[in-house]
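Chemist: Okay, here's the structure, questions in a sec.
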Amino acid sequence: MQTSLRKFNLSQWLALLILIAGSAIVLVPLLWTVSTSLKTPAEVFGDSFFPQKWIWSNYSDAVRAIPFFLFLRNTLIILVPVMIGTVFTGALCAYGFARFNFRGKQTLFLILLATMMLPSQVTLIPTFLLFKQVGLTNSFLPLILPAFFGGLGGGAFNIFLIRQFMRGIPRELDESAFVDGANRWQIFIRIMAPLSKAPLIAVSIFTFMGVWNDFQGPLIYLNSNEKYTLALGLSMFKGMYNVEWNMLMAATILIMLPALILFFIAQKYFIEGISISSAVKG
Amino acid sequence: MKKKLSITLAAVLSSVLLLSACSTSGNTANSGNSSAGNSGSKEKVHLTFSTWGDVNSSSSEQKLADEFNASHPNIEVKFEPVPGDGYATKLTTSLASGTAPDVFLIGEGDFYSYVDKGVVEPLDDYVAKDTSFDLKMYQQDLIDMERINDKLYYLPKDFNPLALWYNKRIFDEAGIAYPSDEWTWDDLIATAQKLTKQEKGKYTQFGFNAGTWEYPIYTYLWAYGTDIANEEGTKAEGFMNSEKTVSAIQKYVDLSTGPNRVSPTPQDTETMGGDSSMFMTDKLAMMVTGRWIKSDLDKSNVEYGSALIPKGPDGDRASIIAAAGWAMNSKTKHKEEAFELMKWLSGTDAQKLRSKDGLVLPATTAELEEVKATEEKDKPVIEMMSYARKPVTMRSANGPIFKDAFTQALEKILVGKMDVKSALDEAAKTADSKIK
Amino acid sequence: MNNTKSDRAGYLFILPWLLGLVIFTLGPMIFSLILSFSKWDVITGVESIQYVGLDNFKAIFHDPLFYQSLKVTFIFALVSVPLFQVASILIAVLLNMRSRGMKFFRLIYFMPSVIPAVATSMMWVMIFNPEYGILNEALGWFGIQGPAWLQDPNYALGALIVMGLWGIGNTIIIYLSGLQGVPEDLYEAGELDGAGIFRRFFSITLPMITPTIFFNLIMGIIGGFQYFTQAFVMTNGGPLNSTLFYNLYLYNKAFIEFDMGYASALSWILFIIILLFTLLVIRSSSFWVYYQGDDRD
C-alpha cells in the first residue's frame with residue numbers, strides 16, 4: 001500500500017482533503033494554547049490572537065515557579081513501574097481470556113467489564129480507606145501497585161483491548177507452535193505478545209497519558225509537596241483566587257511535549273511494524 | 001446460567017469477608033487524625049495543617065510552619081498544601097477516612113455546612129482560657145463573620161471585602177467624574193449607560209458587569225432593603241418574591257439583556273476571561289467584586305480605583321466579606337496544640353507576613369488602620385467592611401436551598417424562559433417546599 | 001472444543017487480574033453497595049454510617065433531578081456513541097494509508113487527547129460564544145444565524161457533543177491498532193479481484209475490525225453514560241440543568257451535599273443501566289463480530 005503523491009487518485013485526494021480540514025479544526029485550539037503561553041497576563045484575553053511580543057521567559061518562569069524537576073522525578077518514579085506492570089500483566093491476562101476455555105470464563109469476563117461500570121466518584125473513598133488500612137497512604141504505592149494486577153483502574157480497559165486483538169490472531173499460528181512442542185508460556189512470549197505489538201503500544205500510550213495527566217490519584221494519596229507530580233504542579237497556576245493563564249499554558253505545553261514525542265516515536269512501530277498475514281495457509 | 005451465578009456470588013462473598021476484616025481492624029485503628037504523635041510526656045506532638053493553592057515550597061505558610069517549629073520545641077508541625085482544584089475532594093476524602101489535618105482552611109461559603117455537620121471544633125473555650133490571646137485585636141466585622149450560631153469556629157487567615165472597582169481610563173476618556181461615596185445604584189446605572197459603547201452592532205465597551213455571581217446581587221438586594229430569605233433562613237415566600245425583590249431583580253436583569261444593555265452577558269464575561277480580564281483590557285468600566293482582583297490588576301497596566309458599593313433608594317448600603325478561616329478538626333487528638341497553631345497562623349506576625357507585599361489585607365485592627373491610611377485604593381475596601389452582612393448561606397443550614405432556587409430562577413429569567421415575577425414566585429415555592 | 005488441559009492454565013494467566021479484583025476492586029464496590037442502603041454524611045467519618053434500608057432508592061424515584069440527569073445522559077449516549085464510532089473509523093482508515101507525511105497527520109489527530117481539559121475547555125467557551133465566537137462567525141458566512149450554544153438550554157447539550165467529537169483521538173488510535181490486525185494479503189487479493197475502495201472497505205476492512213468495533217462500542221457506552229469532566233468544568237449542569245449529566249449530579253450529591261448514601265444508590269442504578277446495555281451488545285455480538293482466531297464450531 002506504499003503510495004507516493006504522484007500516484008494519488010481521486011479518492012486519495014478526497015481523503016487528504018478531509019484530513020487537512022480536520023487538522024485545521026484540531027490545530028486551532030493548540031495554536032491558541034501556544035500563543036497564550038507567550039503572552040503577558042493583560043494580553044491573554046485581548047483582541048489579538050497572537051502576542052505582541054513573544055515572552056519566551058514565561059517558559060523558564062513556569063519551570064521555576066514550581067519545583068519542576070522534583071515533580072518530574074516523582075512522576076517518573078510512578079510512571080516506569082506502572083508501564084511495565086500494565087503492559088506485562090495486561091497482555092498476560094488478555095492471553096488468558098483470548099485463548100483458553102476455562103469454566104466460568106464468560107462470567108469472569110463480564111465481571112471484568114462490570115468493574116468499569118460503577119462511577120469512580122463512589123469507589124474513590126472506599127478505595128482510599130482500603131489503602132489507609134494497610135498504611136500505604138502518602139506513598140507512591142497506591143498509585144503503582146494496582147498496575148501489576150492487570151493495569152490501573154482494575155485493568156479492564158487494557159485486558160479487554162489486548163484480548164480483542166489477540167482473538168483476531170489466526171489460531172493456526174500458535175497451534176502450529178504447540179504441535180512443535182512449545183508450551184503455553186513460550187507461545188505467549190514468542191508468538192502472541194510480539195504479534196500484539198499494535199495494541200500493546202496503544203496500551204503503553206494510554207497508560208503513559210493516564211499516569212502523566214492523573215490528577216485525582218496523586219491528589220488523594222500524596223500529602224506532602226515533596227511527593228507531588230507534574231499534574232498536581234500544573235494546577236498550582238490556578239492560585240487561590242486567580243488563574244495565571246499564560247503561565248498555565250506554558251507549563252501545559254512543557255508537560256504535553258513528552259507525550260507527543262513519545263507518540264511520534266511509537267507510531268513508527270505502531271503502524272509500520274506489523275507482519276500479520278491471513279496465514280490460512282500456514 | 002446457574003453455574004455462572006454461583007461463581008459470581010462466591011466472588012462477591014469472598015470479598016465481603018475481606019472487607020469486613022478490613023473494617024473491623026479499621027474501627028480500632030481509627031485515630032481521627034493523621035498525626036503519629038503519642039502520649040509520652042516528652043514526646044513531640046505532631047500536627048498537620050492544609051490550605052489550597054500555593055503548592056510552592058517557599059510560601060508564607062511554609063515559613064510560618066518553620067518558625068512555629070523553631071519556637072515550639074514540643075510540637076512538630078507539617079504544612080500540607082493542596083492544589084485548589086482538588087481541595088474539596090481531598091478534604092472530603094480525608095475527613096471521611098479520619099486522616100484529615102488537625103487544622104485546615106475553609107472558605108466562607110462552606111463555613112456553615114462544616115459546622116452543621118460537626119466536623120469543626122468551637123473555639124470559645126480555648127479563647128476564654130487563653131489570657132495571652134484577645135479577639136479584640138481583630139477587626140470586629142471579620143470576627144462576626146467567623147461566628148456561626150453565636151459560637152466562634154474560625155480564625156482569620158485572609159479576607160476580601162466586596163467593593164466597587166472602576167476603570168479610570170474609561171471614565172477619563174468620557175470626561176465623567178469617578179464614582180463617589182454618595183452614589184446610589186441609580187447613579188451607577190445612569191453612568192454605566194454613558195460608558196457603554198457599540199461599534200458596527202457589536203459591543204466594544206460595557207459600563208458595568210451585572211453578572212450571575214450571587215454575592216454582588218445580595219449586596220444589591222440589601223441596598224434595596226430586601227433579601228432572598230428571612231433573617232433566620234427559614235422562609236422564602238415574601239422575601240425571594242417580594243415586590244421589592246421582583247422590581248429590583250427586573251432592573252438588574254435589564255442591565256445585561258435587551259438592546260440597551262450596559263453589561264456583558266455571563267457568556268461574554270466567561271469568553272473574555274472573566275470580569276477582571278475585561279476590566280484590564282479596558283472593555284469594562286465598573287464591577288462589584290472582592291479585593292483579590294487587585295493582584296490581577298496590579299500586574300497589568302490598567303489605571304483603576306475603588307469606591308464604596310452604591311446606596312439603595314433609602315440610603316442602605318451593604319457588602320459581604322469573602323474570607324478564608326482556619327478551622328480545627330473536631331477529631332484531632334491534640335486540641336490544645338492545634339489551637340496554639342491556629343493562634344500562630346492567624347496572629348499578628350502571620351498577618352504582617354502575608355500582607356507584606358500588599359496581596360492580602362491584614363486581619364488585625366492596628367495593621368489594617370495603617371493600610372487604610374497609606375493605601376488610597378484600599379481605603380474604600382476597608383470601609384466596606386463595616387457594611388458587611390452575612391448571606392443566607394452563612395445564616396442557615398437551608399442556605400443552599402435558597403441559593404439554588406434563586407440561581408435557577410435567575411437562569412430562567414436570563415434565557416427568557418420566564419418573566420421575573422413568575423420565576424421568583426416559583427423559586428419561593430420550591431425553596432419553601434424543601435425547607436427542613 | 002478444547003481439551004481440559006488448557007482450561008486450567010487459563011486461570012494461571014488471568015491470575016494477576018483475579019487477585020487484583022479481590023484485593024483492590026471488589027471491596028470498594030461492595031462498600032458502595034452497602035452505602036447505597038445507608039445514610040452517610042461523608043465528612044463525619046465512617047462511624048456515622050447508618051443503615052436506612054430502601055430510603056435512598058425511594059427518594060431517588062421521586063427526585064425530578066434524577067429523571068432530568070437520566071434524560072440528559074441518555075440523549076448524550078445515544079447520539080454520541082454511534083456518531084463518535086463512525087467518525088473515528090473514517091479517520092482511522094484514512095490515517096492508516098501508508099504515504100509520506102501521514103505520521104504528521106496522525107500526530108495532529110492525537111494531540112487533542114494530550115491537551116489537559118483546563119486548556120481545551122477555555123478554548124471551547126471562546127469558540128461557542130454567540131457574538132464573538134468563531135463558530136457563529138463561520139456559520140454567518142453561510143447566512144446562518146447561530147444559536148447561543150452553551151447559554152441556550154436547547155443547544156448546550158449539542159455543543160458538548162460537538163466538543164466530544166473533537167476529542168476522539170483515543171478511539172482513533174484504538175481503531176488504528178485494530179487495523180494493524182487486518183492481513184495485508186487480503187487487501188492484495190481484493191485489489192487483484194478489482195474491488196474498488198468502497199467494496200474493499202465494506203467487505204474486507206469492516207468485518208476484520210469488528211472485534212475493535214465491539215471493544216469501542218462497549219467502552220463508548222460505559223464512557224458515554226459516565227460522561228463527566230467537560231460538563232463539570234464548563235457548564236456545571238447549566239443552563240437550566242440542560243447539561244446535568246448523571247455523574248455530575250452524583251458528584252454534587254457526594255462531594256457538595258455530602259450525601260454519600262444517596263450518591264451510592266444513584267451509582268448502582270447507573271451500574272444496572274450500563275450493564276443492561278453492555279449485555280445487549282454482547283448478546284448481539286455473535287451475529288456481527290468476527291474473530292479470525294476463534295474456533296468455528
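Going through the C-alpha cells in order, the chains are called A, B, and so on, while each chain numbers its residues from 1 and the ligands are numbered from 1 in the order shown.
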Using only C-alpha atoms, determine which residues of chain A fall within 10 Å of chain B; present them as number ranges by chain.

Modeler: A: 40-47, 65-67, 103-108, 110-111, 121, 124-126, 128-130, 132-134, 137, 215-216, 219-226, 228, 231-245

Chemist: Run DSSP on the backbone of this structure and report the residues of stretch 90-216 of chain A it assigns to alpha helix (DSSP H), as number ranges by chain.

Modeler: A: 90-99, 105-114, 120-133, 141-144, 156-167, 171-179, 184-187, 193-195, 197-213, 216

Chemist: Show me a table, sorted first by chain and then by increasing residue number, of the residues of chain C having an atom at most 7 Å from chain B, each with its shortest atom pair and the distance in Å to one decimal, counting only C-alpha atoms and written as a Markdown table.

Modeler:
```
| residue | atom | partner | partner_atom | distance |
| --- | --- | --- | --- | --- |
| C:Val22 | CA | B:Ser15 | CA | 6.0 |
| C:Leu26 | CA | B:Ser15 | CA | 6.1 |
| C:Gly27 | CA | B:Leu19 | CA | 5.5 |
| C:Ile30 | CA | B:Val16 | CA | 7.0 |
| C:Val42 | CA | B:Ala96 | CA | 5.3 |
| C:Ile43 | CA | B:Ala96 | CA | 4.7 |
| C:Thr44 | CA | B:Ala96 | CA | 6.1 |
| C:Gly45 | CA | B:Ala96 | CA | 4.1 |
| C:Val46 | CA | B:Ala96 | CA | 6.2 |
| C:Val125 | CA | B:Thr271 | CA | 5.9 |
| C:Met126 | CA | B:Thr271 | CA | 4.9 |
| C:Asn129 | CA | B:Thr271 | CA | 6.6 |
| C:Gln151 | CA | B:Gln267 | CA | 6.8 |
| C:Asp152 | CA | B:Val415 | CA | 6.8 |
| C:Pro239 | CA | B:Glu411 | CA | 6.7 |
| C:Leu240 | CA | B:Glu411 | CA | 6.5 |
| C:Phe255 | CA | B:Thr89 | CA | 6.6 |
```

Chemist: List the spatial neighbours of B:Glu146 as an NGL selection string - criterion: any atom at most 8 Å away, only C-alpha atoms, same-chain residues fewer than 4 positions off excluded.

Modeler: :B and (111 or 142 or 152-156 or 325)

Chemist: Write the residues of the selection above to a file with C-alpha atoms, as a PDB file, in the first residue's frame.

Modeler:
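Writing the result to again37.pdb gives the following:
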```
ATOM      1  CA  PHE B 111     -18.417  27.875  56.995  1.00  0.00           C
ATOM      2  CA  LEU B 142     -14.405  39.863  60.490  1.00  0.00           C
ATOM      3  CA  LEU B 152     -16.677  31.125  67.253  1.00  0.00           C
ATOM      4  CA  TYR B 153     -15.438  28.395  64.912  1.00  0.00           C
ATOM      5  CA  TYR B 154     -12.867  30.043  62.688  1.00  0.00           C
ATOM      6  CA  LEU B 155      -9.856  32.315  62.987  1.00  0.00           C
ATOM      7  CA  PRO B 156      -8.989  34.687  60.139  1.00  0.00           C
ATOM      8  CA  GLY B 325     -10.722  30.894  58.042  1.00  0.00           C
TER       9      GLY B 325
END
```

Chemist: Which residues of stretch 146-222 of chain C sit at most 12 Å from stretch 7-27 of chain A, using only C-alpha atoms? Give each one's shortest atom pair and distance in Å (one decimal place), in chain and ascending residue order, as CSV.

Modeler:
```
residue,atom,partner,partner_atom,distance
C:Val162,CA,A:Ile25,CA,11.8
C:Met163,CA,A:Val26,CA,10.9
C:Leu165,CA,A:Val26,CA,10.5
C:Trp166,CA,A:Val26,CA,7.1
C:Gly167,CA,A:Val26,CA,9.0
C:Ile168,CA,A:Val26,CA,10.8
C:Gly169,CA,A:Val26,CA,10.1
C:Gly196,CA,A:Ser11,CA,10.3
C:Ile197,CA,A:Ser11,CA,8.1
C:Phe198,CA,A:Ser11,CA,9.8
```

Chemist: For the residues selected in the previous step, produce a file with C-alpha atoms as a PDB file, in the first residue's frame.

Modeler:
```
ATOM      1  CA  VAL C 162     -19.688  18.573  19.090  1.00  0.00           C
ATOM      2  CA  MET C 163     -16.883  19.112  21.555  1.00  0.00           C
ATOM      3  CA  LEU C 165     -16.203  14.759  18.616  1.00  0.00           C
ATOM      4  CA  TRP C 166     -13.051  16.822  18.807  1.00  0.00           C
ATOM      5  CA  GLY C 167     -11.630  14.552  21.479  1.00  0.00           C
ATOM      6  CA  ILE C 168     -11.955  11.197  19.736  1.00  0.00           C
ATOM      7  CA  GLY C 169      -8.175  10.839  19.297  1.00  0.00           C
ATOM      8  CA  GLY C 196     -12.963  -0.643  -5.519  1.00  0.00           C
ATOM      9  CA  ILE C 197     -12.015   1.274  -2.436  1.00  0.00           C
ATOM     10  CA  PHE C 198     -15.538   1.194  -1.010  1.00  0.00           C
TER      11      PHE C 198
END
```

Chemist: From a DSSP calculation on the backbone, collect every residue of stretch 9-168 of chain C in strand (DSSP E or B) and output the set as a ChimeraX atom specification.

Modeler: /C:38-39,41,50-51,99

Chemist: Would you mind exporting the chosen residues as a short mmCIF file (atom, residue, chain, number, x, y, z; two decimals), in the first residue's frame, restricted to N, CA, C and O atoms?

Modeler:
```cif
data_model
loop_
_atom_site.label_atom_id
_atom_site.label_comp_id
_atom_site.auth_asym_id
_atom_site.auth_seq_id
_atom_site.Cartn_x
_atom_site.Cartn_y
_atom_site.Cartn_z
N SER C 38 -27.59 3.09 52.95
CA SER C 38 -27.23 3.76 54.19
C SER C 38 -27.33 5.27 54.05
O SER C 38 -27.42 5.80 52.95
N LYS C 39 -27.30 5.92 55.21
CA LYS C 39 -27.17 7.37 55.20
C LYS C 39 -25.77 7.68 55.72
O LYS C 39 -25.35 7.17 56.75
N ASP C 41 -23.31 11.14 56.02
CA ASP C 41 -22.80 12.49 55.81
C ASP C 41 -21.30 12.35 55.74
O ASP C 41 -20.60 12.42 56.74
N GLN C 50 -25.18 4.95 58.72
CA GLN C 50 -26.39 4.36 59.32
C GLN C 50 -27.19 3.62 58.26
O GLN C 50 -27.44 4.15 57.18
N TYR C 51 -27.65 2.43 58.59
CA TYR C 51 -28.45 1.66 57.65
C TYR C 51 -29.85 2.25 57.55
O TYR C 51 -30.48 2.53 58.57
N SER C 99 1.31 6.67 3.31
CA SER C 99 2.01 7.61 2.43
C SER C 99 2.85 8.54 3.28
O SER C 99 2.61 8.69 4.48
#
```

Chemist: Can you check which residues of chain A have any atom within 6 Å of chain C? Use only C-alpha atoms and format it as a ChimeraX atom specification.

Modeler: /A:2-3,92-93,96,100-102,117-118,122-123,126-127,149-150,164,167-171,198-199,276-278

Chemist: Mind writing the picked residues with N, CA and C atoms as a short mmCIF file (atom, residue, chain, number, x, y, z; two decimals), in the first residue's frame?

Modeler:
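The resulting part23.cif:
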```
data_model
loop_
_atom_site.label_atom_id
_atom_site.label_comp_id
_atom_site.auth_asym_id
_atom_site.auth_seq_id
_atom_site.Cartn_x
_atom_site.Cartn_y
_atom_site.Cartn_z
N GLN A 2 2.15 1.10 -0.18
CA GLN A 2 3.01 2.28 -0.21
C GLN A 2 2.61 3.13 -1.41
N THR A 3 2.22 4.35 -1.13
CA THR A 3 1.74 5.19 -2.22
C THR A 3 2.51 6.50 -2.22
N LEU A 92 -0.71 -10.65 29.64
CA LEU A 92 -0.84 -12.00 30.21
C LEU A 92 -2.32 -12.36 30.41
N CYS A 93 -3.06 -11.46 31.06
CA CYS A 93 -4.46 -11.73 31.34
C CYS A 93 -5.27 -11.77 30.05
N GLY A 96 -4.94 -15.04 28.53
CA GLY A 96 -5.77 -15.99 29.26
C GLY A 96 -7.22 -15.95 28.80
N PHE A 100 -8.14 -19.43 26.13
CA PHE A 100 -8.44 -20.58 26.98
C PHE A 100 -9.93 -20.68 27.21
N ASN A 101 -10.39 -21.92 27.32
CA ASN A 101 -11.82 -22.11 27.57
C ASN A 101 -12.06 -22.69 28.95
N PHE A 102 -11.67 -21.98 29.98
CA PHE A 102 -11.86 -22.50 31.34
C PHE A 102 -13.28 -22.24 31.81
N MET A 117 -18.09 -0.22 35.29
CA MET A 117 -19.43 0.37 35.14
C MET A 117 -19.87 1.18 36.35
N LEU A 118 -19.16 1.07 37.45
CA LEU A 118 -19.56 1.83 38.64
C LEU A 118 -18.79 3.15 38.66
N VAL A 122 -17.93 7.15 43.56
CA VAL A 122 -18.36 6.49 44.80
C VAL A 122 -17.38 5.41 45.26
N THR A 123 -16.46 4.99 44.42
CA THR A 123 -15.48 4.00 44.89
C THR A 123 -14.20 4.68 45.38
N PRO A 126 -13.98 4.53 49.43
CA PRO A 126 -13.71 3.16 49.88
C PRO A 126 -12.30 2.67 49.49
N THR A 127 -11.86 2.99 48.28
CA THR A 127 -10.52 2.56 47.87
C THR A 127 -9.46 3.22 48.73
N PHE A 149 -1.54 -5.83 38.58
CA PHE A 149 -2.65 -6.76 38.63
C PHE A 149 -3.56 -6.52 37.43
N GLY A 150 -2.95 -6.41 36.27
CA GLY A 150 -3.72 -6.24 35.04
C GLY A 150 -3.70 -4.80 34.54
N GLN A 164 -9.18 -8.36 22.62
CA GLN A 164 -9.88 -8.26 21.34
C GLN A 164 -8.92 -8.49 20.18
N ARG A 167 -7.71 -12.22 19.98
CA ARG A 167 -8.71 -13.14 19.43
C ARG A 167 -8.75 -13.07 17.91
N GLY A 168 -8.22 -11.97 17.39
CA GLY A 168 -8.21 -11.82 15.93
C GLY A 168 -6.98 -12.44 15.29
N ILE A 169 -6.02 -12.90 16.08
CA ILE A 169 -4.83 -13.53 15.51
C ILE A 169 -5.18 -14.97 15.13
N PRO A 170 -4.88 -15.34 13.90
CA PRO A 170 -5.25 -16.69 13.45
C PRO A 170 -4.70 -17.77 14.38
N ARG A 171 -5.54 -18.69 14.75
CA ARG A 171 -5.18 -19.73 15.70
C ARG A 171 -4.10 -20.66 15.15
N ALA A 198 0.81 -3.86 18.14
CA ALA A 198 -0.02 -2.65 17.96
C ALA A 198 -0.85 -2.34 19.20
N PRO A 199 -1.66 -3.28 19.70
CA PRO A 199 -2.43 -2.92 20.91
C PRO A 199 -1.54 -2.70 22.12
N ILE A 276 1.48 -9.37 10.09
CA ILE A 276 0.49 -10.45 10.10
C ILE A 276 0.02 -10.73 8.68
N SER A 277 -0.03 -11.97 8.35
CA SER A 277 -0.71 -12.31 7.11
C SER A 277 -1.91 -13.14 7.51
N SER A 278 -2.82 -13.32 6.60
CA SER A 278 -4.02 -14.05 6.99
C SER A 278 -3.66 -15.49 7.34
#
```

Chemist: Need to verify the contact set: A:Ile205, 10 Å, only C-alpha atoms, exclusion of same-chain residues closer than 3 positions in sequence. Can you return it as an MDAnalysis selection string?

Modeler: (chainID A and resid 83 199:202 208:210 259:260 262:263 266:267) or (chainID C and resid 170 173)

Chemist: By how many Å are atom CA of B:Glu376 and atom CA of B:Ser60 apart?

Modeler: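 According to the coordinates, atom CA of B:Glu376 and atom CA of B:Ser60 are separated by 25.4 Å.
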
Chemist: Neighbours of stretch 380-387 of chain B within 9 Å (only C-alpha atoms; same-chain residues fewer than 3 positions away dropped), as a list in words?

Modeler: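 My list of contacting residues is Gln139, Gln140, Asp141, Leu142, Asn160, Pro161, Leu162, Ala163, Leu164, Asp181, Gly290, Arg291, Ser306, Ala307, Leu308, Ile309, Arg317, Ala318, Ser319, Ile320, Ile321, Leu361, Leu368, Glu369, Val371, Lys372, Glu376 and Lys377 of chain B.
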
Chemist: Since we have the selection now, will you write its residues out, keeping C-alpha atoms, as a PDB file, in the first residue's frame?

Modeler:
```pdb
ATOM      1  CA  GLN B 139     -11.410  43.717  63.011  1.00  0.00           C
ATOM      2  CA  GLN B 140     -14.791  43.131  64.689  1.00  0.00           C
ATOM      3  CA  ASP B 141     -16.774  42.604  61.456  1.00  0.00           C
ATOM      4  CA  LEU B 142     -14.405  39.863  60.490  1.00  0.00           C
ATOM      5  CA  ASN B 160     -11.648  40.090  50.788  1.00  0.00           C
ATOM      6  CA  PRO B 161     -14.446  42.618  51.236  1.00  0.00           C
ATOM      7  CA  LEU B 162     -16.561  43.365  48.168  1.00  0.00           C
ATOM      8  CA  ALA B 163     -16.269  46.908  46.806  1.00  0.00           C
ATOM      9  CA  LEU B 164     -16.889  48.825  43.590  1.00  0.00           C
ATOM     10  CA  ASP B 181     -19.382  57.811  48.167  1.00  0.00           C
ATOM     11  CA  GLY B 290     -13.708  41.124  46.037  1.00  0.00           C
ATOM     12  CA  ARG B 291     -10.320  42.592  46.773  1.00  0.00           C
ATOM     13  CA  SER B 306     -12.061  51.584  44.175  1.00  0.00           C
ATOM     14  CA  ALA B 307     -15.159  53.073  45.753  1.00  0.00           C
ATOM     15  CA  LEU B 308     -17.963  52.184  48.131  1.00  0.00           C
ATOM     16  CA  ILE B 309     -20.710  49.984  46.696  1.00  0.00           C
ATOM     17  CA  ARG B 317     -25.552  50.127  51.823  1.00  0.00           C
ATOM     18  CA  ALA B 318     -24.217  46.573  52.172  1.00  0.00           C
ATOM     19  CA  SER B 319     -21.224  44.394  51.481  1.00  0.00           C
ATOM     20  CA  ILE B 320     -20.027  40.843  52.012  1.00  0.00           C
ATOM     21  CA  ILE B 321     -16.623  39.799  53.271  1.00  0.00           C
ATOM     22  CA  LEU B 361      -5.176  42.681  53.850  1.00  0.00           C
ATOM     23  CA  LEU B 368      -5.437  47.433  58.953  1.00  0.00           C
ATOM     24  CA  GLU B 369      -5.596  51.062  60.062  1.00  0.00           C
ATOM     25  CA  VAL B 371      -3.011  50.201  55.346  1.00  0.00           C
ATOM     26  CA  LYS B 372      -6.130  52.357  55.301  1.00  0.00           C
ATOM     27  CA  GLU B 376      -5.622  55.020  48.694  1.00  0.00           C
ATOM     28  CA  LYS B 377      -7.060  52.064  46.758  1.00  0.00           C
TER      29      LYS B 377
END
```

Chemist: Excluding stretch 239-255 of chain B and residues on its chain fewer than 5 positions from it, collect all residues at most 7 Å away from it, counting only C-alpha atoms, and give them as a list in words.

Modeler: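 What passes the distance filter is Ala210, Leu221, Thr226, Asp227, Ile228, Ala229, Asn230, Arg261, Val262, Ser263, Leu414, Val420, Lys421, Leu424, Asp425 and Ala428 of chain B.
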
Chemist: Any idea what the distance is between atom CA of B:Arg147 and atom CA of B:Ile106?

Modeler: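 Computing it gives 13.3 Å between the two atoms.
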
Chemist: One decimal, in Å: what's the spacing between atom CA of C:Asp259 and atom CA of C:Trp40?

Modeler: 6.0 Å

Chemist: List the neighbours of A:Ile187 out to 7 Å using only C-alpha atoms; skip same-chain residues closer than 5 positions along the sequence, and give me the result as an MDAnalysis selection string.

Modeler: chainID A and resid 174 177 182 192
